[in-house]
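Colleague: Dumping the structure here so I can ask a few things about it.
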Amino acid sequence: MFASLCVFAVAALVYVMLGFAWQGAPGQHAHALLIGGKAWNWIAAEPFFLLGLRLDLSPASLVLLLQMFSVGLAAMIPLGAGAERWKLGASCISTVFLAGWIYPLFAHWVWSDGWLSQLGSMYGLGKGFVDGGGAGTIQVVGGLSALSIAWILGPRRGKYSSAEGPAAIPAHNIVLVLAGCLLAWSGWIGLNSAGAILFYHCEPSVVVLIAVNTTLSAAASGLTAAIITRLRFGRPDASLAANGWMAGLVASSAAAAFLKPPTAILVGMVAGALVVFAVDLLEFRLTIDDPGGAISVHAIAGLWGLLSVALLSDAGSGSRGQWLAQLTGIATLLGLVLPMTYGLNWLIDRVYPHRVEAEDEWQGMDLCELGAGAYPEFVVHGDEFTQR
Amino acid sequence: MFASLCVFAVAALVYVMLGFAWQGAPGQHAHALLIGGKAWNWIAAEPFFLLGLRLDLSPASLVLLLQMFSVGLAAMIPLGAGAERWKLGASCISTVFLAGWIYPLFAHWVWSDGWLSQLGSMYGLGKGFVDGGGAGTIQVVGGLSALSIAWILGPRRGKYSSAEGPAAIPAHNIVLVLAGCLLAWSGWIGLNSAGAILFYHCEPSVVVLIAVNTTLSAAASGLTAAIITRLRFGRPDASLAANGWMAGLVASSAAAAFLKPPTAILVGMVAGALVVFAVDLLEFRLTIDDPGGAISVHAIAGLWGLLSVALLSDAGSGSRGQWLAQLTGIATLLGLVLPMTYGLNWLIDRVYPHRVEAEDEWQGMDLCELGAGAYPEFVVHGDEFTQR
Amino acid sequence: MFASLCVFAVAALVYVMLGFAWQGAPGQHAHALLIGGKAWNWIAAEPFFLLGLRLDLSPASLVLLLQMFSVGLAAMIPLGAGAERWKLGASCISTVFLAGWIYPLFAHWVWSDGWLSQLGSMYGLGKGFVDGGGAGTIQVVGGLSALSIAWILGPRRGKYSSAEGPAAIPAHNIVLVLAGCLLAWSGWIGLNSAGAILFYHCEPSVVVLIAVNTTLSAAASGLTAAIITRLRFGRPDASLAANGWMAGLVASSAAAAFLKPPTAILVGMVAGALVVFAVDLLEFRLTIDDPGGAISVHAIAGLWGLLSVALLSDAGSGSRGQWLAQLTGIATLLGLVLPMTYGLNWLIDRVYPHRVEAEDEWQGMDLCELGAGAYPEFVVHGDEFTQR
């Protein structure tokens, strides 16, 4: 939790100082590359430190405000994957690159007349790459950063050492997790609404549709995850159901403004099922240790949300062009953003290792990094959990 | 807390798919019964799955949005009464009936030109049954469902077994309860405002009056409960004061738009006193075990709120007609809604028993139902509390 | 936490019944004193109980609504300083004087055409005393009340008794503190915006600027505190960083509407540094025991915020007149409000001692005052912490 505050603060500061200059807002100055006789807009050319930007209610200033929050959200996603073994300083440095370069660059491509949004007007691929509320820009970008971090850090000690398979390591307070779900839900309605209105010129009245769709998607996803874990393990798993709820929010982000309510339920059901199997796959097959489920919830559900735009929404209506646009965006995320994120974090690791010292890890990181135990009721059980 | 998420999700999904078709919005299609030469509007006739409803900012779409949240709130109320012994699956089934049938039916009568609202125009009973923010529709309906559940479940094991009278069973974290009080308060201002504007055609400027009245009622009610427990037991009881705060919010729901600020304080003071005595009466006289105080806070304070419309508000101004309208609504709740709710939950109990197995109950339900203890710091004391 | 609810309730009730009559809104009836041939407006002359105030969206009713919340916030500040040893009844009585007299009087001077705001028009001192969001009115007034309480109560038992210097007494759950930081941040954006629009006639579009500045100030302040504690103690201190975050919010209150974003970062950095050194100074040099850091966060950072109006904002632009106006306001706070607050609380102490009984303090106050432990996981360690 302390890391959340630090990372959010770093992200907001770096984004305002550097990031926004590279992301820009629709209709502002930008650099273009001439490829195949067409001008591809690839990066904004605004001054640093918001110089020259009037912070009234102009569209550009609203974009800045929304993106300052969004980049903070994206920066907090990797913390779930790095929990209990990621050094605070390293997470702040990693955030500098995410908020100062990776996020603004991709967001420019999608939302600020960049080349992914130009796919529609230049090659007639539907409406270009569509991502109403940031399923790709915020969630997948953050989720791929989480994946890079989990790869580089390796699993927590004791996670895969015992003979009976991965040990369950209870850590977070379920009550707080679930309260967070309800807070996230109200924030998401705002996020999805603001994106659709600012970037896709929806009428403000779309807010009602978005609120209903976002709620239905989260509800369907959470229940699906609860039912699947009930069928598989005999009892529903609160932690996976909460992850399902979040995955439903994430998946709804891309298309909430363009779905009918029954379709939003379908989007949520698929997201809830995906997240249960993704958590399983990562943990047991790929042995990637992601304590908070950040990769499954944000990257996997986000990718499904991007696909749902072409498959189920009014924006795509299943046209081949929209399919191509969405797949181009997804290919960019996996083929360009992921290597770039991994590479930058790998470089950081050379200079300033991401992982905390071994003896600190046994003691519980909150205790050692911050001088006081955030979860005092667990510290005493440390030894039993890890079967030293 | 996990049950809250599930029940909220079930309620939202069922309401959107079925419930709204039966509740409808003012001015939409409905069925009427001809009794005594007059057409009594008793149920809406909208298509299921929101088909044909445009989700823009039209009044009908705003009613849907508000009611989707309201029905989720109503569905969470019985969880307080069934805490620690209500099976998760049974609570979800019970929610299906509440959100799919009971809530929409009564809400139609009150808010969608139904027969309770027609009492004013047809028989000159004041303005008909008035319930601005759902004191009856949300709170009493939910509270009566809580009463049915508590009756059917019976008390927790060990609650009334010892010789010295009911044992206190501490369970929930007081800090979270109180943080919930402050969140509820901000939500309630929105709930009361939306209801008054959508259903009683108040000007949007009534929001200021409602915010002041809601705050004063909650503050007066919480302090009254604290003072009464201080006088009776020597020290104020935080849990009862928090219940008092909630009761003040509940009681303000019916009339917040029609009270003057000093009267709102009076409404709150009565609510705070009522809740302390109601908790006492239920627990010690009627031996109904309601761990969260849901019946007292929602049903009793809600009924008082409905009476306050006739007794203290500008809407009623003490006229005999308004008294009759309010009493007709209350009689409908107690004489029709309560038996229907009890009956449906009794039927569920025949097919799928509500109560968890005895051995699971000893261990703490969160642990057994969900595979992880939500309140780890209490589990170890389980035996001592119950004097096995 | 229980005390927060009580104190908030008392503050709202007393303010509505008495306080607002003395504070009033701009342009309403007031008493003036003729000094030096000029009419100095010193107190409002409105009826008690809001009689005659129409609660529609008129400016006066919006001032009431905003101030009812603000006075509740100010009243909660001293609770941080009196934690674990302030009697609940005494804190309620102290709140009656704060919300019924001290706060309304000073707020009238600053915001309701009172003499501090007249400094500009009467003597040409810039724009008069400027305090956009209540850095002085809410934060410093509350912080000086906290200082008075900490002085009168004296330190917690065991705090300064051991030979190795002040003992650290861990008490509050860090997770909740940090969640509170994020909630406070969203509330603060509303507080700063409402104040600037209502009292300084800013355009509603200033909301974007205020949201950006408030966020940057909090982020810069929290990070500065984390970095300073890292440099001084080897590891960042989560509790001081959270205090830094809050101090950044407090400092931004005075001038958020009149700063440029890079300057807002500067305001935050100074606030974060100040709070670390102020906590140190109070705890080790002045041996004032302030468990929640309320004095440093609210009084010290608030005073810095008031200075920043003259030093860094567009409103002051460093003119000598604005400096004089801000310094007059600060002198009034320290020379008039502080002695009045201390005196009133000293009088209360004569009649009804502020401090809990000694044996109750050992047991943890939540337990003894409320009949149930709010932090059960700490109670068992009570003895070890205090080295009895």
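Ordering of the structure tokens sets the chain letters (A, B, ...); residue numbers start at 1 within each chain; ligands are numbered from 1 in the order shown.
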Select all residues from chain B having any atom no more than 6 Å from an atom of chain C (counting only C-alpha atoms, ignoring ligands), output as a short mmCIF file (atom, residue, chain, number, x, y, z; two decimals) with C-alpha atoms, in the first residue's frame.
Modeller:
```
data_model
loop_
_atom_site.label_atom_id
_atom_site.label_comp_id
_atom_site.auth_asym_id
_atom_site.auth_seq_id
_atom_site.Cartn_x
_atom_site.Cartn_y
_atom_site.Cartn_z
CA ILE B 174 -15.06 -1.42 14.30
CA SER B 205 -31.80 22.81 -6.24
CA VAL B 206 -33.41 20.61 -3.57
CA VAL B 208 -28.74 21.38 -0.88
CA LEU B 209 -31.72 20.94 1.42
CA ALA B 219 -25.62 13.16 13.20
CA PRO B 236 -21.12 4.74 24.85
CA ASP B 237 -21.29 1.70 22.58
CA ALA B 238 -19.51 2.28 19.27
#
```
Colleague: Determine, counting only C-alpha atoms, which protein, DNA and RNA residues have an atom within 8 Å of an atom of Leu105 of chain B; residues of the same chain fewer than 2 positions away are not included. Present the result as JSON, numbers by chain.
Modeller: {"B": [22, 23, 42, 43, 101, 102, 103, 107, 108, 109]}
Colleague: May I have the residues within 9 Å of segment 321-334 of chain B as a ChimeraX atom specification, using only C-alpha atoms and disregarding those fewer than 5 positions away in the same chain?
Modeller: /B:106,110,116-117,119-120,123-131,136,140-141,144,303,306-307,309-311,315-316,339
Colleague: Could you name the residues that touch Gly142 of chain A at 12 Å or less, counting only C-alpha atoms, but leaving out those on the same chain fewer than 2 positions away, as a VMD selection string?
Modeller: chain A and resid 70 to 81 94 to 95 97 to 99 102 to 103 106 134 to 140 144 to 149 250 294 to 300 302 to 303 333 337 to 338 341 to 342
Colleague: Could you pull out the residues in segment 69-233 of chain C that DSSP calls alpha helix (DSSP H) from the backbone, as JSON, numbers by chain?
Modeller: {"C": [69, 70, 71, 72, 73, 74, 75, 76, 77, 78, 79, 80, 81, 88, 89, 90, 91, 92, 93, 94, 95, 96, 97, 103, 104, 105, 106, 107, 108, 109, 110, 111, 115, 116, 117, 118, 119, 120, 121, 122, 123, 141, 142, 143, 144, 145, 146, 147, 148, 149, 150, 151, 152, 153, 174, 175, 176, 177, 178, 179, 180, 181, 182, 183, 184, 185, 186, 187, 188, 189, 190, 191, 192, 193, 194, 195, 196, 197, 198, 199, 200, 206, 207, 208, 209, 210, 211, 212, 213, 214, 215, 216, 217, 218, 219, 220, 221, 222, 223, 224, 225, 226, 227, 228, 229, 230, 231, 232, 233]}
Colleague: Of the candidates C:Trp245, C:Gln67, C:Ala254, C:Trp115, which one gets nearest to Leu34 of chain C if we count only C-alpha atoms?
Modeller: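 Selected residue with least distance to Leu34 of chain C: C:Trp115.
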Colleague: To one decimal place in Å, what is the distance between atom CA of Gly158 of chain C and atom CA of Ala358 of chain C?
Modeller: 11.4 Å
Colleague: What is the atom CA of Val14 of chain A to atom CA of Gly272 of chain C distance in Å?
Modeller: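 Computing it gives 17.8 Å between the two atoms.
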Colleague: For His29 of chain C, work out the shell of residues within 9 Å, counting only C-alpha atoms and skipping chain neighbours fewer than 5 positions away, then give it as a list in words.
Modeller: Gly24, Ile43, Ala44, Ala45 and Glu46 of chain C
Colleague: Using backbone DSSP assignments, extract all strand (DSSP E) residues from segment 14-44 of chain A; output them as a list in words.
Modeller: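 So, restricting segment 14-44 of chain A to strand (DSSP E), we get Ala30, His31, Ala32, Leu33, Leu34, Ile35, Lys38, Ala39, Trp40, Asn41, Trp42, Ile43 and Ala44 of chain A.
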Colleague: Could you tell me how far atom CA of Gly195 of chain B lies from atom CA of Gln118 of chain B, in Å and to one decimal?
Modeller: 17.6 Å
Colleague: Using only C-alpha atoms, which of the listed residues (C:Trp86, C:Phe233, C:Tyr200, C:Trp185) sits closest to Leu216 of chain C?
Modeller: C:Trp185
Colleague: Which residue, C:Asn41, C:Ala241, C:Ala251, C:Asp113, has the smallest gap to Val177 of chain C when you use only C-alpha atoms?
Modeller: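 Ranked by minimum distance to Val177 of chain C, first place goes to C:Ala241.
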